[in-house]
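Chemist: If it helps, the file is called work.txt and holds compact mmCIF, N, CA and C atoms:
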```
# COMPACT_ATOMS: atom_id res chain seq x y z
N MET A 745 -6.94 -10.65 12.48
CA MET A 745 -7.34 -9.86 11.32
C MET A 745 -8.10 -10.78 10.34
N HIS A 746 -9.20 -10.29 9.82
CA HIS A 746 -10.01 -11.05 8.88
C HIS A 746 -9.79 -10.53 7.47
N GLN A 747 -9.95 -11.40 6.50
CA GLN A 747 -9.73 -11.01 5.12
C GLN A 747 -10.84 -11.58 4.24
N LEU A 748 -11.12 -10.87 3.15
CA LEU A 748 -12.00 -11.41 2.12
C LEU A 748 -11.10 -11.83 0.97
N GLU A 749 -11.18 -13.12 0.62
CA GLU A 749 -10.42 -13.65 -0.50
C GLU A 749 -11.36 -13.84 -1.68
N SER A 750 -10.84 -13.66 -2.87
CA SER A 750 -11.65 -13.83 -4.07
C SER A 750 -12.14 -15.27 -4.18
N PRO A 751 -13.45 -15.47 -4.36
CA PRO A 751 -13.99 -16.82 -4.47
C PRO A 751 -13.74 -17.45 -5.85
N MET A 752 -13.30 -16.61 -6.80
CA MET A 752 -13.07 -17.08 -8.17
C MET A 752 -12.15 -16.09 -8.88
N PRO A 753 -11.50 -16.52 -9.95
CA PRO A 753 -10.71 -15.56 -10.72
C PRO A 753 -11.66 -14.61 -11.45
N GLY A 754 -11.25 -13.35 -11.60
CA GLY A 754 -12.09 -12.39 -12.30
C GLY A 754 -11.51 -10.99 -12.22
N ARG A 755 -12.32 -10.01 -12.62
CA ARG A 755 -11.90 -8.60 -12.61
C ARG A 755 -12.80 -7.83 -11.65
N VAL A 756 -12.19 -7.02 -10.80
CA VAL A 756 -12.95 -6.19 -9.86
C VAL A 756 -13.58 -5.05 -10.66
N ILE A 757 -14.90 -4.99 -10.66
CA ILE A 757 -15.61 -3.94 -11.40
C ILE A 757 -15.77 -2.70 -10.53
N SER A 758 -16.22 -2.88 -9.29
CA SER A 758 -16.40 -1.74 -8.39
C SER A 758 -16.51 -2.21 -6.95
N PHE A 759 -16.14 -1.31 -6.05
CA PHE A 759 -16.28 -1.56 -4.61
C PHE A 759 -17.53 -0.86 -4.11
N ALA A 760 -18.25 -1.50 -3.20
CA ALA A 760 -19.43 -0.90 -2.57
C ALA A 760 -19.08 -0.36 -1.19
N VAL A 761 -17.82 -0.54 -0.76
CA VAL A 761 -17.36 -0.07 0.55
C VAL A 761 -16.06 0.71 0.37
N GLU A 762 -15.71 1.46 1.40
CA GLU A 762 -14.44 2.17 1.41
C GLU A 762 -13.77 1.93 2.75
N ILE A 763 -12.51 2.32 2.86
CA ILE A 763 -11.77 2.13 4.11
C ILE A 763 -12.49 2.86 5.24
N GLY A 764 -12.65 2.16 6.35
CA GLY A 764 -13.33 2.72 7.52
C GLY A 764 -14.80 2.37 7.61
N ALA A 765 -15.35 1.79 6.55
CA ALA A 765 -16.78 1.45 6.55
C ALA A 765 -17.06 0.26 7.47
N GLU A 766 -18.17 0.35 8.20
CA GLU A 766 -18.64 -0.76 9.03
C GLU A 766 -19.55 -1.61 8.15
N VAL A 767 -19.35 -2.93 8.17
CA VAL A 767 -20.19 -3.81 7.35
C VAL A 767 -20.94 -4.81 8.23
N GLU A 768 -22.14 -5.13 7.79
CA GLU A 768 -23.00 -6.11 8.46
C GLU A 768 -23.05 -7.36 7.59
N VAL A 769 -23.52 -8.45 8.15
CA VAL A 769 -23.70 -9.68 7.39
C VAL A 769 -24.64 -9.42 6.21
N GLY A 770 -24.23 -9.84 5.01
CA GLY A 770 -25.06 -9.68 3.82
C GLY A 770 -24.87 -8.37 3.09
N ALA A 771 -24.06 -7.45 3.63
CA ALA A 771 -23.83 -6.17 2.96
C ALA A 771 -22.98 -6.39 1.71
N PRO A 772 -23.34 -5.74 0.58
CA PRO A 772 -22.52 -5.88 -0.62
C PRO A 772 -21.15 -5.22 -0.41
N LEU A 773 -20.09 -5.92 -0.84
CA LEU A 773 -18.73 -5.41 -0.69
C LEU A 773 -18.14 -4.96 -2.01
N LEU A 774 -18.34 -5.77 -3.05
CA LEU A 774 -17.78 -5.43 -4.36
C LEU A 774 -18.48 -6.23 -5.44
N THR A 775 -18.25 -5.81 -6.68
CA THR A 775 -18.75 -6.54 -7.83
C THR A 775 -17.56 -7.11 -8.57
N LEU A 776 -17.60 -8.42 -8.83
CA LEU A 776 -16.52 -9.14 -9.48
C LEU A 776 -17.06 -9.73 -10.78
N GLU A 777 -16.40 -9.42 -11.90
CA GLU A 777 -16.82 -9.97 -13.19
C GLU A 777 -16.01 -11.24 -13.45
N ALA A 778 -16.73 -12.34 -13.68
CA ALA A 778 -16.08 -13.61 -13.98
C ALA A 778 -16.90 -14.32 -15.06
N MET A 779 -16.24 -14.76 -16.10
CA MET A 779 -16.90 -15.44 -17.20
C MET A 779 -18.06 -14.61 -17.76
N LYS A 780 -17.84 -13.30 -17.93
CA LYS A 780 -18.80 -12.34 -18.49
C LYS A 780 -20.06 -12.17 -17.65
N MET A 781 -20.00 -12.59 -16.37
CA MET A 781 -21.11 -12.40 -15.45
C MET A 781 -20.65 -11.53 -14.29
N GLU A 782 -21.51 -10.62 -13.84
CA GLU A 782 -21.18 -9.80 -12.68
C GLU A 782 -21.70 -10.48 -11.43
N ASN A 783 -20.81 -10.66 -10.46
CA ASN A 783 -21.15 -11.31 -9.19
C ASN A 783 -20.96 -10.32 -8.05
N VAL A 784 -22.02 -10.08 -7.29
CA VAL A 784 -21.92 -9.20 -6.13
C VAL A 784 -21.44 -10.05 -4.96
N ILE A 785 -20.29 -9.69 -4.41
CA ILE A 785 -19.72 -10.40 -3.27
C ILE A 785 -20.19 -9.70 -2.00
N LYS A 786 -20.80 -10.48 -1.10
CA LYS A 786 -21.39 -9.91 0.12
C LYS A 786 -20.63 -10.36 1.36
N ALA A 787 -20.74 -9.57 2.41
CA ALA A 787 -20.07 -9.86 3.68
C ALA A 787 -20.69 -11.07 4.36
N ASP A 788 -19.85 -11.94 4.91
CA ASP A 788 -20.36 -13.08 5.66
C ASP A 788 -20.14 -12.90 7.16
N GLY A 789 -19.75 -11.67 7.55
CA GLY A 789 -19.54 -11.36 8.95
C GLY A 789 -19.65 -9.87 9.18
N ILE A 790 -19.43 -9.47 10.42
CA ILE A 790 -19.47 -8.06 10.81
C ILE A 790 -18.04 -7.57 10.97
N GLY A 791 -17.74 -6.35 10.53
CA GLY A 791 -16.40 -5.82 10.70
C GLY A 791 -16.26 -4.42 10.14
N LYS A 792 -15.04 -3.92 10.21
CA LYS A 792 -14.71 -2.59 9.71
C LYS A 792 -13.62 -2.76 8.66
N VAL A 793 -13.81 -2.11 7.50
CA VAL A 793 -12.84 -2.23 6.40
C VAL A 793 -11.54 -1.53 6.79
N LYS A 794 -10.43 -2.29 6.79
CA LYS A 794 -9.13 -1.75 7.12
C LYS A 794 -8.35 -1.36 5.86
N ALA A 795 -8.43 -2.18 4.81
CA ALA A 795 -7.67 -1.91 3.59
C ALA A 795 -8.31 -2.60 2.40
N LEU A 796 -8.21 -1.94 1.24
CA LEU A 796 -8.60 -2.53 -0.03
C LEU A 796 -7.29 -2.92 -0.71
N SER A 797 -7.08 -4.21 -0.92
CA SER A 797 -5.80 -4.71 -1.42
C SER A 797 -5.64 -4.64 -2.93
N VAL A 798 -6.72 -4.36 -3.65
CA VAL A 798 -6.68 -4.22 -5.09
C VAL A 798 -7.49 -2.98 -5.47
N ALA A 799 -7.43 -2.59 -6.75
CA ALA A 799 -8.14 -1.41 -7.23
C ALA A 799 -9.20 -1.82 -8.24
N ASN A 800 -10.13 -0.91 -8.54
CA ASN A 800 -11.12 -1.16 -9.59
C ASN A 800 -10.39 -1.51 -10.88
N GLY A 801 -10.87 -2.52 -11.57
CA GLY A 801 -10.26 -2.92 -12.83
C GLY A 801 -9.17 -3.96 -12.71
N ASP A 802 -8.71 -4.23 -11.49
CA ASP A 802 -7.65 -5.23 -11.29
C ASP A 802 -8.19 -6.64 -11.52
N VAL A 803 -7.35 -7.48 -12.10
CA VAL A 803 -7.68 -8.90 -12.26
C VAL A 803 -7.16 -9.63 -11.03
N VAL A 804 -8.00 -10.50 -10.45
CA VAL A 804 -7.61 -11.24 -9.25
C VAL A 804 -7.70 -12.74 -9.50
N ASP A 805 -6.89 -13.48 -8.77
CA ASP A 805 -6.93 -14.94 -8.82
C ASP A 805 -7.79 -15.46 -7.69
N LYS A 806 -8.27 -16.69 -7.81
CA LYS A 806 -9.02 -17.32 -6.73
C LYS A 806 -8.14 -17.40 -5.49
N GLY A 807 -8.67 -16.96 -4.34
CA GLY A 807 -7.92 -16.99 -3.09
C GLY A 807 -7.10 -15.75 -2.81
N GLN A 808 -7.02 -14.83 -3.77
CA GLN A 808 -6.25 -13.60 -3.56
C GLN A 808 -7.00 -12.69 -2.60
N VAL A 809 -6.28 -12.06 -1.67
CA VAL A 809 -6.90 -11.15 -0.70
C VAL A 809 -7.36 -9.88 -1.41
N ILE A 810 -8.63 -9.52 -1.19
CA ILE A 810 -9.20 -8.32 -1.81
C ILE A 810 -9.43 -7.24 -0.76
N ILE A 811 -9.99 -7.62 0.39
CA ILE A 811 -10.31 -6.65 1.46
C ILE A 811 -9.81 -7.20 2.78
N GLU A 812 -9.21 -6.32 3.61
CA GLU A 812 -8.81 -6.69 4.97
C GLU A 812 -9.72 -5.96 5.94
N PHE A 813 -10.11 -6.68 7.01
CA PHE A 813 -11.00 -6.13 8.03
C PHE A 813 -10.30 -6.06 9.38
N GLU A 814 -10.74 -5.11 10.22
CA GLU A 814 -10.24 -5.01 11.60
C GLU A 814 -11.07 -5.90 12.49
```
Would you write out, as structure tokens, the structure that this file holds?
Modeler:
Amino acid sequence: MHQLESPMPGRVISFAVEIGAEVEVGAPLLTLEAMKMENVIKADGIGKVKALSVANGDVVDKGQVIIEFE
């Protein structure tokens, strides 16, 4: 099982994917606000979204699992 971990502490602004979505390399996954800047987090592999571990508006720590892939 593959996971996307937060690259930095911040707040999840919005998800660009939903459970069951197929993602390609470079596809936008979510927007993370950190230090008053919005960062679009993109896929670095191919997979299918299995679970979203946090919700819009949640604050995450660096290394926290955000998305799980099949």
Chemist: Looking only at the backbone, which of the residues in segment 770-801 of chain A does DSSP tag as strand (DSSP E), as a PyMOL selection string?
Modeler: chain A and resi 772-778+781-786+791-796
Chemist: Take atom CA of Ile811 of chain A and atom C of Leu796 of chain A and report the distance between them in Å, one decimal.
Modeler: 5.3 Å
Chemist: Using all atoms listed in the file, which residues sit within 8 Å of Ile810 of chain A once same-chain residues fewer than 4 positions away are excluded, as a ChimeraX atom specification?
Modeler: /A:747-750,795-799
Chemist: With distances taken over only C-alpha atoms, which of A:Met752, A:Val804, A:Ile757, A:Val809 is nearest to Glu777 of chain A?
Modeler: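 Using only C-alpha atoms, Glu777 of chain A sits closest to A:Ile757.
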Chemist: Please provide the set of residues having any atom within 6.5 Å of Leu776 of chain A, restricted to only N, CA and C atoms, with same-chain residues fewer than 6 positions apart removed, written as a list in words.
Modeler: Gly754, Arg755, Val756, Ile757, Ser758, Glu782, Asn783, Val784 and Ile785 of chain A
Chemist: For Glu762 of chain A, find every residue with an atom within 6.5 Å (counting only N, CA and C atoms), except residues of its own chain fewer than 3 positions away, and show them as number ranges by chain.
Modeler: A: 759, 765, 793
Chemist: What's around Pro751 of chain A at 9 Å? Count only C-alpha atoms, leave out sequence neighbours fewer than 4 positions away in its own chain, and write the answer as a VMD selection string.
Modeler: chain A and resid 785 805 to 808
Chemist: Report, in Å to a single decimal, how far apart atom N of Glu812 of chain A and atom N of Ala778 of chain A are.
Modeler: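 Rounded to one decimal, the two atoms are 19.8 Å apart.
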Chemist: I'd like the contact shell of Val769 of chain A - 10 Å cut-off, only C-alpha atoms, skipping same-chain residues fewer than 4 positions apart - returned as a list in words.
Modeler: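 Surrounding residues, per the criterion: Lys786, Ala787, Asp788, Gly789, Ile790 and Gly791 of chain A.
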